[in-house]
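Written below as structure tokens is the structure these notes are about.
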Amino acid sequence: MPGWVHEIFASIQGEGIYCGQAQTFVRLAGCNLACDYCDTSAAREPNPPACLVELVPGSGSVVEIANPMAAEQVTGYCRELARSVVSITGGEPLVQADFLERLLADLKSAGFVTHLETNGTLYRTLAGVVRLIDVIAMDMKLPSAARDGEHWREHRRFLEIASATEVFVKVVVSADTTEDEIRRCADTIASVDRRIPLVIQPVTGPETPSGELLMRLQDAACANIADARVIPQCHKALGLR
Ligand code: SF4
């Protein structure tokens, strides 16, 4: 089962509790949501004709490889980039369920640590691959930032399944985010395990919240869960992808 891959490149992880770690990123094509603050909108195209592959880490120089690609082909490029951690991102990686399972299994047999970055909605698909994932970075989409309504029920089911491995939750906040929305995130986490970390990530750009609002949002989360951290997008500050 080949898959549709948007790009493969090496960088420094810029988000979440593994911020600063050297990783290879495999960005799969396609997504099931349409968020206001999507910063990877090109990756939402489900069938890109070619994947952009970086061959020398950090060079930014890429070659075009025809899609769809075999899992073993993707693993081979990850070997070339020589990072021990491979983060599979998107788009939404779980929309390509069969290919994702094959890719994760191949990466694990090649000795890589596997991370999955996901919008936290496709819980049935997650159940089939969670055994192959070392770390899950799960987004919670706030109703104020998602064009297609609330996802609290899917997020809760997703988190229950994700908690079989290491998981943390990330929520993107803007100047319009309310304490009630963050309380809802924290309540959802606490209903599964209050020790699961929550990363509050201010949106980059003109909508970024004030420091005072970020502290109020963090206090609202900490009322119900053990660990809520404010971490901005560090890769953008460093001029990295
Ligand atoms: S889930 Fe991610 S890739 Fe999909 S629209 Fe939202 S931000 Fe963009």
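Within each chain, counting starts at residue 1; across the structure tokens, chains are named A, B, ... in the order shown, with ligands numbered 1 upward in that order.
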Could you give me the residues within 12 Å of ligand 1, counting only C-alpha atoms and all ligand atoms, as a ChimeraX atom specification?
/A:6,27-46,89-95,117-122,137-143,145-148,151,170-172,203
Surrounding residues of region 126-131 of chain A excluding itself and chain neighbours under 5 positions, 9 Å, only C-alpha atoms, as a list of chain:residue names
A:Leu94, A:Ala97, A:Leu100, A:Glu101, A:Leu104, A:Ala105, A:Gly120, A:Ile136, A:Phe158, A:Ile161, A:Ala162, A:Ala164, A:Thr165
Quick check for you: according to DSSP on this backbone, which residues of region 9-220 of chain A are classed as strand (DSSP E or B)? Reply as a ChimeraX atom specification.
/A:9-12,22-28,35,50-54,62-66,69,85-89,113-118,135-139,146,166-173,198-202
Please write the residues from the selection above to a file, keeping C-alpha atoms, as a compact mmCIF listing (two decimals), in the first residue's frame.
```
# COMPACT_ATOMS: atom_id res chain seq x y z
CA PHE A 9 13.04 17.00 5.87
CA ALA A 10 15.27 17.31 8.93
CA SER A 11 14.76 20.09 11.48
CA ILE A 12 14.62 20.97 15.16
CA ALA A 22 16.63 16.84 16.40
CA GLN A 23 13.99 15.07 14.32
CA THR A 24 13.19 14.01 10.79
CA PHE A 25 9.72 15.10 9.69
CA VAL A 26 7.58 13.05 7.32
CA ARG A 27 4.59 15.16 6.33
CA LEU A 28 1.77 13.03 4.94
CA CYS A 35 -8.80 25.01 10.94
CA ALA A 50 5.49 14.70 -5.95
CA CYS A 51 7.08 14.66 -2.50
CA LEU A 52 9.77 17.24 -1.69
CA VAL A 53 12.70 15.37 -0.10
CA GLU A 54 15.65 17.04 1.61
CA VAL A 62 15.10 19.39 -2.08
CA VAL A 63 14.49 16.89 -4.85
CA GLU A 64 11.06 15.90 -6.16
CA ILE A 65 10.16 12.23 -5.79
CA ALA A 66 7.04 10.96 -7.55
CA MET A 69 5.67 6.34 -2.34
CA VAL A 85 13.50 10.30 15.95
CA VAL A 86 11.01 10.44 13.07
CA SER A 87 7.96 12.64 13.54
CA ILE A 88 5.06 11.79 11.25
CA THR A 89 2.95 14.86 10.73
CA VAL A 113 11.76 6.33 17.67
CA THR A 114 8.35 7.26 16.26
CA HIS A 115 6.33 10.38 17.06
CA LEU A 116 2.86 11.10 15.66
CA GLU A 117 1.52 14.67 15.36
CA THR A 118 -2.26 14.51 14.98
CA VAL A 135 5.02 9.53 21.49
CA ILE A 136 1.73 11.13 20.44
CA ALA A 137 1.44 14.92 20.16
CA MET A 138 -2.33 15.38 20.06
CA ASP A 139 -4.00 18.67 19.20
CA ALA A 146 -12.27 25.14 13.89
CA GLU A 166 3.22 8.46 25.91
CA VAL A 167 0.94 11.35 24.97
CA PHE A 168 0.74 15.09 25.47
CA VAL A 169 -1.95 17.51 24.32
CA LYS A 170 -1.36 20.78 22.49
CA VAL A 171 -3.86 23.59 22.08
CA VAL A 172 -3.29 26.66 19.86
CA VAL A 173 -4.61 29.83 21.51
CA LEU A 198 -1.15 20.22 28.22
CA VAL A 199 0.93 22.57 26.04
CA ILE A 200 -0.69 25.98 25.51
CA GLN A 201 0.77 27.25 22.23
CA PRO A 202 0.20 30.93 21.31
```
